[in-house]
Structures are given as structure tokens and as C-alpha cells.
Amino acid sequence: MNKLMTTLAASVLALGLAAAAQAQSALNEILDGGVLKVGTTGDWNPMTVRDPATNSYKGFDIDVMTELAKDLGVEVEFVPTDWKTLVNGVVAGKYHMTGSASISPARMKVAGFSETYLSVEIYPFTTADKAGDFDGYASINKPGVTVSTTLGTTFEALVKAWFPDAEIKVVEAPARGFQEVLAGRADVFITSNIEGATLAEKHGVVRVPNTEPRSPSPIAMLLPQDDQVWINYVNNWIKVKEAKGFFEETRRKYGL
């Protein structure tokens, strides 16, 4: 009898712990509260772009998160953040997830990631009038060359690793590394092929000649690391929407 009671008690405890874990999931909080909170920087065109006049957002991430909220049957709230605090916001529970972010070992230590739905490659860019000063990566990694980057981004670590002999200029959001190059305060910045294409069209920046793509990186949404219920939901939602063509259509819409 004692053994039976012990077994039953253990089973009840296990069920109680499972129920508690379920109750703590962001999924339950979202459904109960009727709001999906998404952290977004608003400064990564065409993924997320904030209009300061209206404080509204547009872009690939915005479309994706709006669709996710619609399928959940809730409203979406975009929570402003920046790259240096993007991960901390998920960990601290300021938002339930983020929009797109590069998957990196440093971020994986403290946060979870969804299934990937996009991949990027990194290139160095400069202004058209300076393009003739460079030829390949080695021409950037020299004293007298200033490479700018944004604090807290994956680009910051790459710049420091790739160009240790150059002068590295790190700016803090809302400033961006590419703005330093456009203003003439730096010579080169690096970014993804996604943002680079947009900046080339808008500002006329060009890839540094004879530079191959580096550091291919899968893109995914950041999620609370210990919330497997919420991670499972998002991952399966991505699979369903991929199968139905939603992601392909949205990628095509933004030229991705």
C-alpha cells in the first residue's frame, strides 16, 4: 500500500509540475491576455522599419508577426528595442518573442530560437567614390581604414574579427554603422545582402570590389529558452505557413 501511495503521489506531483509549466508558458499568457508582444528594432530595412511620424512599423517581420497574431486570434503589439538589448528583452519577459535575428552561439546561450525561414550572407560596403580605394578584404584590414558598426549586432563581432588592423568605430543605436560611412566619418561597413541591397538602392552604396560573401547565417525568431510549449507552437506554425506558401510569398514581396 505504501509503495502504491508513493507511486501515486509521484504521479500527481509530476502532473502538477507539468501543469505548472504549461501555465507559465507565454502561449497561455498571450491567449489569456489577447496580445502578442513582439520586440523589434525598426531599423533593419526591409525586415522592420519604423516610421517616426506615426510610430508605426512595416516590413517582412511586421507582416509575419501580424499573421502569427491573426492565427492566434489576438492583437499584436510591437515593443521598441535595440540590438544591444534585443536578447535581454526576451529573457526579462518584456516581449514574448522578437522578429528576425541571426542565430549565433552567444545568443543561443541565453535564448531560444524558432525554426529558420531565411538565410543571409555578409558583405562589406562603401560609398561609390571610395570603391576604387579597395580591392578585397585585405585592403580593408589596414591602419588608416575606418570600419563602422552598430553596438550589440552580430556585425560588431565580425568586424572586430575580420579587420583587427583597421580602426573600428562602434556606434550605439539609434545610430547605425552605415550612417557613419554615408556621413564620411568611416570608410566601410558590413551588413547582410538583404539590407545591403536596400541601402544600395536608397543611398547608392556599393559592395567593396572582389569581396566574396562571408558568414552565411540562418535567421529566426528569438524566444524564451525554457518555454518549450511556446517554441513548439511557433515552430509548427512556421512549418504550416511554409507549406501553405505564406513565407515564400512574403519573401518575394520584399525581394528576399
# chains A, B, ... in the order shown; residues from 1 in each chain; ligands from 1

call {"tool": "residues_around", "arguments": {"residues": "Val87 in chain A", "least_positions_apart": "5", "cutoff": "9 Å", "atoms": "only C-alpha atoms", "output": "MDAnalysis selection string"}}
result
chainID A and resid 92 98 107 110:111 222:223

call {"tool": "select_by_dssp", "arguments": {"residues": "range 140-183 of chain A", "states": "alpha helix (DSSP H)", "output": "list of chain:residue names"}}
result
A:Thr154, A:Phe155, A:Glu156, A:Ala157, A:Leu158, A:Val159, A:Lys160, A:Ala161, A:Trp162, A:Gly177, A:Phe178, A:Gln179, A:Glu180, A:Val181, A:Leu182

call {"tool": "residues_around", "arguments": {"residues": "Ile194 in chain A", "least_positions_apart": "6", "cutoff": "9 Å", "atoms": "only C-alpha atoms", "output": "short mmCIF file (atom, residue, chain, number, x, y, z; two decimals) with C-alpha atoms, in the first residue's frame"}}
result
data_model
loop_
_atom_site.label_atom_id
_atom_site.label_comp_id
_atom_site.auth_asym_id
_atom_site.auth_seq_id
_atom_site.Cartn_x
_atom_site.Cartn_y
_atom_site.Cartn_z
CA ASN A 45 15.17 47.54 -43.84
CA PRO A 46 13.30 45.64 -45.32
CA MET A 47 12.73 43.46 -42.26
CA VAL A 120 21.71 35.92 -45.08
CA GLU A 121 25.29 36.46 -46.22
CA ILE A 122 27.54 39.29 -45.13
CA GLY A 255 12.75 40.80 -52.66
CA LEU A 256 14.32 38.30 -50.27
#

call {"tool": "atom_distance", "arguments": {"atom1": "CA of His96 in chain A", "atom2": "CA of Phe78 in chain A"}}
result
10.4 Å

call {"tool": "closest_residue", "arguments": {"among": "A:Ala106, A:Lys169, A:Ser148, A:Leu182", "to": "Gly204 in chain A", "atoms": "only C-alpha atoms"}}
result
A:Leu182

call {"tool": "closest_residue", "arguments": {"among": "A:Val188, A:Val145, A:Ile103, A:Val205", "to": "Ile219 in chain A", "atoms": "only C-alpha atoms"}}
result
A:Ile103

call {"tool": "select_by_dssp", "arguments": {"residues": "range 13-233 of chain A", "states": "strand (DSSP E)", "output": "MDAnalysis selection string"}}
result
chainID A and resid 35:40 43:44 48:51 56:58 75:80 97:98 100:102 111:113 118:126 146:150 167:171 188:192 206:207 214:224

call {"tool": "closest_residue", "arguments": {"among": "A:Asn141, A:Ser25, A:Ser56, A:Ser119", "to": "Asn193 in chain A", "atoms": "only C-alpha atoms"}}
result
A:Ser119

call {"tool": "atom_distance", "arguments": {"atom1": "CA of Arg214 in chain A", "atom2": "CA of Glu180 in chain A"}}
result
22.0 Å

call {"tool": "atom_distance", "arguments": {"atom1": "CA of Arg207 in chain A", "atom2": "CA of Val147 in chain A"}}
result
13.7 Å

call {"tool": "closest_residue", "arguments": {"among": "A:Trp44, A:Lys37, A:Asp133, A:Ile168", "to": "Arg185 in chain A", "atoms": "only C-alpha atoms"}}
result
A:Ile168

call {"tool": "residues_around", "arguments": {"residues": "Glu248 in chain A", "least_positions_apart": "3", "cutoff": "12 Å", "atoms": "only C-alpha atoms", "output": "compact mmCIF listing (two decimals) with N, CA and C atoms, in the first residue's frame"}}
result
# COMPACT_ATOMS: atom_id res chain seq x y z
N PHE A 60 9.07 42.92 -43.62
CA PHE A 60 8.89 41.47 -43.64
C PHE A 60 8.49 40.96 -42.26
N VAL A 64 4.98 39.11 -40.96
CA VAL A 64 5.00 37.77 -40.37
C VAL A 64 4.34 37.77 -38.99
N TYR A 117 13.74 30.44 -41.41
CA TYR A 117 12.92 30.63 -42.61
C TYR A 117 13.62 31.53 -43.62
N LEU A 118 14.87 31.89 -43.33
CA LEU A 118 15.61 32.80 -44.18
C LEU A 118 17.08 32.68 -43.83
N ILE A 238 5.41 27.92 -38.20
CA ILE A 238 6.29 28.22 -39.33
C ILE A 238 6.20 27.12 -40.39
N LYS A 239 6.19 25.86 -39.95
CA LYS A 239 6.09 24.74 -40.89
C LYS A 239 4.78 24.79 -41.67
N LYS A 241 2.88 27.46 -42.27
CA LYS A 241 2.84 28.62 -43.17
C LYS A 241 3.80 28.45 -44.35
N GLU A 242 4.92 27.75 -44.12
CA GLU A 242 5.82 27.44 -45.24
C GLU A 242 5.11 26.53 -46.23
N ALA A 243 4.42 25.52 -45.73
CA ALA A 243 3.72 24.56 -46.59
C ALA A 243 2.62 25.24 -47.40
N LYS A 244 2.00 26.27 -46.81
CA LYS A 244 0.91 26.97 -47.50
C LYS A 244 1.40 28.11 -48.38
N GLY A 245 2.72 28.35 -48.40
CA GLY A 245 3.27 29.36 -49.30
C GLY A 245 3.35 30.76 -48.74
N ARG A 251 8.53 36.58 -48.69
CA ARG A 251 9.91 36.81 -49.14
C ARG A 251 9.93 37.47 -50.50
N ARG A 252 9.06 37.02 -51.40
CA ARG A 252 9.01 37.60 -52.75
C ARG A 252 8.56 39.05 -52.69
N LYS A 253 7.63 39.34 -51.82
CA LYS A 253 7.12 40.71 -51.66
C LYS A 253 8.24 41.71 -51.35
N TYR A 254 9.21 41.26 -50.54
CA TYR A 254 10.28 42.14 -50.11
C TYR A 254 11.60 41.86 -50.82
N GLY A 255 11.55 41.06 -51.88
CA GLY A 255 12.75 40.80 -52.66
C GLY A 255 13.80 40.00 -51.93
N LEU A 256 13.38 39.08 -51.08
CA LEU A 256 14.32 38.30 -50.27
C LEU A 256 14.52 36.90 -50.84

call {"tool": "decode", "arguments": {"residues": "range 142-189 of chain A", "atoms": "N, CA and C atoms", "output": "PDB file, in the first residue's frame"}}
result
ATOM      1  N   LYS A 142      43.528  47.402 -42.750  1.00  0.00           N
ATOM      2  CA  LYS A 142      44.769  48.173 -42.741  1.00  0.00           C
ATOM      3  C   LYS A 142      44.623  49.389 -41.835  1.00  0.00           C
ATOM      4  N   PRO A 143      45.710  49.836 -41.226  1.00  0.00           N
ATOM      5  CA  PRO A 143      45.669  51.107 -40.495  1.00  0.00           C
ATOM      6  C   PRO A 143      45.266  52.233 -41.438  1.00  0.00           C
ATOM      7  N   GLY A 144      44.520  53.150 -40.941  1.00  0.00           N
ATOM      8  CA  GLY A 144      44.054  54.264 -41.768  1.00  0.00           C
ATOM      9  C   GLY A 144      42.686  54.045 -42.377  1.00  0.00           C
ATOM     10  N   VAL A 145      42.182  52.804 -42.318  1.00  0.00           N
ATOM     11  CA  VAL A 145      40.835  52.498 -42.794  1.00  0.00           C
ATOM     12  C   VAL A 145      39.916  52.416 -41.582  1.00  0.00           C
ATOM     13  N   THR A 146      38.799  53.120 -41.633  1.00  0.00           N
ATOM     14  CA  THR A 146      37.841  53.103 -40.526  1.00  0.00           C
ATOM     15  C   THR A 146      36.629  52.276 -40.919  1.00  0.00           C
ATOM     16  N   VAL A 147      36.349  51.268 -40.107  1.00  0.00           N
ATOM     17  CA  VAL A 147      35.190  50.410 -40.335  1.00  0.00           C
ATOM     18  C   VAL A 147      34.189  50.673 -39.218  1.00  0.00           C
ATOM     19  N   SER A 148      32.976  51.013 -39.583  1.00  0.00           N
ATOM     20  CA  SER A 148      31.952  51.342 -38.585  1.00  0.00           C
ATOM     21  C   SER A 148      30.971  50.190 -38.430  1.00  0.00           C
ATOM     22  N   THR A 149      30.414  50.084 -37.236  1.00  0.00           N
ATOM     23  CA  THR A 149      29.452  49.024 -36.945  1.00  0.00           C
ATOM     24  C   THR A 149      28.565  49.466 -35.790  1.00  0.00           C
ATOM     25  N   THR A 150      27.471  48.752 -35.581  1.00  0.00           N
ATOM     26  CA  THR A 150      26.498  49.116 -34.551  1.00  0.00           C
ATOM     27  C   THR A 150      26.638  48.211 -33.339  1.00  0.00           C
ATOM     28  N   LEU A 151      26.666  48.809 -32.174  1.00  0.00           N
ATOM     29  CA  LEU A 151      26.818  48.089 -30.913  1.00  0.00           C
ATOM     30  C   LEU A 151      25.729  47.033 -30.738  1.00  0.00           C
ATOM     31  N   GLY A 152      26.144  45.830 -30.323  1.00  0.00           N
ATOM     32  CA  GLY A 152      25.192  44.783 -29.991  1.00  0.00           C
ATOM     33  C   GLY A 152      24.737  43.923 -31.147  1.00  0.00           C
ATOM     34  N   THR A 153      25.142  44.248 -32.356  1.00  0.00           N
ATOM     35  CA  THR A 153      24.762  43.445 -33.514  1.00  0.00           C
ATOM     36  C   THR A 153      25.778  42.326 -33.720  1.00  0.00           C
ATOM     37  N   THR A 154      25.391  41.312 -34.485  1.00  0.00           N
ATOM     38  CA  THR A 154      26.355  40.270 -34.839  1.00  0.00           C
ATOM     39  C   THR A 154      27.460  40.849 -35.709  1.00  0.00           C
ATOM     40  N   PHE A 155      27.158  41.949 -36.416  1.00  0.00           N
ATOM     41  CA  PHE A 155      28.175  42.588 -37.262  1.00  0.00           C
ATOM     42  C   PHE A 155      29.337  43.132 -36.437  1.00  0.00           C
ATOM     43  N   GLU A 156      29.066  43.585 -35.231  1.00  0.00           N
ATOM     44  CA  GLU A 156      30.128  44.147 -34.390  1.00  0.00           C
ATOM     45  C   GLU A 156      31.230  43.112 -34.155  1.00  0.00           C
ATOM     46  N   ALA A 157      30.839  41.901 -33.783  1.00  0.00           N
ATOM     47  CA  ALA A 157      31.835  40.853 -33.532  1.00  0.00           C
ATOM     48  C   ALA A 157      32.578  40.476 -34.812  1.00  0.00           C
ATOM     49  N   LEU A 158      31.875  40.431 -35.930  1.00  0.00           N
ATOM     50  CA  LEU A 158      32.509  40.074 -37.197  1.00  0.00           C
ATOM     51  C   LEU A 158      33.525  41.125 -37.627  1.00  0.00           C
ATOM     52  N   VAL A 159      33.165  42.392 -37.492  1.00  0.00           N
ATOM     53  CA  VAL A 159      34.078  43.474 -37.863  1.00  0.00           C
ATOM     54  C   VAL A 159      35.375  43.379 -37.060  1.00  0.00           C
ATOM     55  N   LYS A 160      35.251  43.147 -35.773  1.00  0.00           N
ATOM     56  CA  LYS A 160      36.439  43.066 -34.911  1.00  0.00           C
ATOM     57  C   LYS A 160      37.297  41.851 -35.255  1.00  0.00           C
ATOM     58  N   ALA A 161      36.660  40.775 -35.698  1.00  0.00           N
ATOM     59  CA  ALA A 161      37.401  39.568 -36.063  1.00  0.00           C
ATOM     60  C   ALA A 161      38.046  39.680 -37.443  1.00  0.00           C
ATOM     61  N   TRP A 162      37.344  40.299 -38.381  1.00  0.00           N
ATOM     62  CA  TRP A 162      37.829  40.372 -39.752  1.00  0.00           C
ATOM     63  C   TRP A 162      38.860  41.481 -39.979  1.00  0.00           C
ATOM     64  N   PHE A 163      38.716  42.573 -39.250  1.00  0.00           N
ATOM     65  CA  PHE A 163      39.553  43.748 -39.539  1.00  0.00           C
ATOM     66  C   PHE A 163      40.281  44.248 -38.283  1.00  0.00           C
ATOM     67  N   PRO A 164      41.098  43.412 -37.662  1.00  0.00           N
ATOM     68  CA  PRO A 164      41.766  43.812 -36.414  1.00  0.00           C
ATOM     69  C   PRO A 164      42.782  44.939 -36.600  1.00  0.00           C
ATOM     70  N   ASP A 165      43.301  45.104 -37.808  1.00  0.00           N
ATOM     71  CA  ASP A 165      44.302  46.149 -38.047  1.00  0.00           C
ATOM     72  C   ASP A 165      43.688  47.483 -38.458  1.00  0.00           C
ATOM     73  N   ALA A 166      42.394  47.485 -38.762  1.00  0.00           N
ATOM     74  CA  ALA A 166      41.718  48.728 -39.118  1.00  0.00           C
ATOM     75  C   ALA A 166      41.240  49.436 -37.856  1.00  0.00           C
ATOM     76  N   GLU A 167      40.816  50.666 -38.021  1.00  0.00           N
ATOM     77  CA  GLU A 167      40.202  51.383 -36.902  1.00  0.00           C
ATOM     78  C   GLU A 167      38.722  51.022 -36.862  1.00  0.00           C
ATOM     79  N   ILE A 168      38.271  50.523 -35.725  1.00  0.00           N
ATOM     80  CA  ILE A 168      36.877  50.107 -35.588  1.00  0.00           C
ATOM     81  C   ILE A 168      36.102  51.199 -34.862  1.00  0.00           C
ATOM     82  N   LYS A 169      35.029  51.661 -35.475  1.00  0.00           N
ATOM     83  CA  LYS A 169      34.188  52.683 -34.869  1.00  0.00           C
ATOM     84  C   LYS A 169      32.830  52.069 -34.556  1.00  0.00           C
ATOM     85  N   VAL A 170      32.523  51.938 -33.273  1.00  0.00           N
ATOM     86  CA  VAL A 170      31.261  51.328 -32.837  1.00  0.00           C
ATOM     87  C   VAL A 170      30.305  52.433 -32.413  1.00  0.00           C
ATOM     88  N   VAL A 171      29.139  52.472 -33.035  1.00  0.00           N
ATOM     89  CA  VAL A 171      28.123  53.463 -32.678  1.00  0.00           C
ATOM     90  C   VAL A 171      26.959  52.754 -32.007  1.00  0.00           C
ATOM     91  N   GLU A 172      26.217  53.497 -31.232  1.00  0.00           N
ATOM     92  CA  GLU A 172      25.103  52.924 -30.475  1.00  0.00           C
ATOM     93  C   GLU A 172      23.778  53.334 -31.086  1.00  0.00           C
ATOM     94  N   ALA A 173      22.867  52.382 -31.202  1.00  0.00           N
ATOM     95  CA  ALA A 173      21.527  52.676 -31.726  1.00  0.00           C
ATOM     96  C   ALA A 173      20.891  53.805 -30.913  1.00  0.00           C
ATOM     97  N   PRO A 174      20.142  54.683 -31.596  1.00  0.00           N
ATOM     98  CA  PRO A 174      19.595  54.543 -32.940  1.00  0.00           C
ATOM     99  C   PRO A 174      20.551  54.871 -34.080  1.00  0.00           C
ATOM    100  N   ALA A 175      21.793  55.293 -33.775  1.00  0.00           N
ATOM    101  CA  ALA A 175      22.777  55.461 -34.847  1.00  0.00           C
ATOM    102  C   ALA A 175      23.078  54.100 -35.471  1.00  0.00           C
ATOM    103  N   ARG A 176      23.494  54.104 -36.725  1.00  0.00           N
ATOM    104  CA  ARG A 176      23.823  52.868 -37.423  1.00  0.00           C
ATOM    105  C   ARG A 176      25.184  53.004 -38.086  1.00  0.00           C
ATOM    106  N   GLY A 177      25.867  51.880 -38.203  1.00  0.00           N
ATOM    107  CA  GLY A 177      27.191  51.887 -38.796  1.00  0.00           C
ATOM    108  C   GLY A 177      27.220  52.456 -40.198  1.00  0.00           C
ATOM    109  N   PHE A 178      26.220  52.132 -41.008  1.00  0.00           N
ATOM    110  CA  PHE A 178      26.231  52.608 -42.389  1.00  0.00           C
ATOM    111  C   PHE A 178      26.097  54.125 -42.463  1.00  0.00           C
ATOM    112  N   GLN A 179      25.445  54.728 -41.476  1.00  0.00           N
ATOM    113  CA  GLN A 179      25.291  56.177 -41.474  1.00  0.00           C
ATOM    114  C   GLN A 179      26.630  56.890 -41.317  1.00  0.00           C
ATOM    115  N   GLU A 180      27.556  56.258 -40.590  1.00  0.00           N
ATOM    116  CA  GLU A 180      28.888  56.830 -40.432  1.00  0.00           C
ATOM    117  C   GLU A 180      29.617  56.872 -41.765  1.00  0.00           C
ATOM    118  N   VAL A 181      29.413  55.855 -42.580  1.00  0.00           N
ATOM    119  CA  VAL A 181      30.033  55.818 -43.908  1.00  0.00           C
ATOM    120  C   VAL A 181      29.395  56.858 -44.821  1.00  0.00           C
ATOM    121  N   LEU A 182      28.086  56.956 -44.806  1.00  0.00           N
ATOM    122  CA  LEU A 182      27.400  57.946 -45.633  1.00  0.00           C
ATOM    123  C   LEU A 182      27.800  59.363 -45.257  1.00  0.00           C
ATOM    124  N   ALA A 183      28.080  59.585 -43.963  1.00  0.00           N
ATOM    125  CA  ALA A 183      28.456  60.917 -43.479  1.00  0.00           C
ATOM    126  C   ALA A 183      29.944  61.206 -43.676  1.00  0.00           C
ATOM    127  N   GLY A 184      30.700  60.215 -44.134  1.00  0.00           N
ATOM    128  CA  GLY A 184      32.126  60.428 -44.365  1.00  0.00           C
ATOM    129  C   GLY A 184      32.997  60.258 -43.140  1.00  0.00           C
ATOM    130  N   ARG A 185      32.413  59.751 -42.049  1.00  0.00           N
ATOM    131  CA  ARG A 185      33.185  59.561 -40.816  1.00  0.00           C
ATOM    132  C   ARG A 185      33.791  58.160 -40.724  1.00  0.00           C
ATOM    133  N   ALA A 186      33.484  57.328 -41.682  1.00  0.00           N
ATOM    134  CA  ALA A 186      34.053  55.984 -41.770  1.00  0.00           C
ATOM    135  C   ALA A 186      34.124  55.595 -43.237  1.00  0.00           C
ATOM    136  N   ASP A 187      34.872  54.541 -43.517  1.00  0.00           N
ATOM    137  CA  ASP A 187      35.100  54.148 -44.906  1.00  0.00           C
ATOM    138  C   ASP A 187      34.283  52.942 -45.337  1.00  0.00           C
ATOM    139  N   VAL A 188      34.086  52.007 -44.428  1.00  0.00           N
ATOM    140  CA  VAL A 188      33.455  50.729 -44.772  1.00  0.00           C
ATOM    141  C   VAL A 188      32.516  50.312 -43.646  1.00  0.00           C
ATOM    142  N   PHE A 189      31.438  49.639 -43.998  1.00  0.00           N
ATOM    143  CA  PHE A 189      30.593  48.949 -43.023  1.00  0.00           C
ATOM    144  C   PHE A 189      30.258  47.586 -43.590  1.00  0.00           C
TER     145      PHE A 189
END
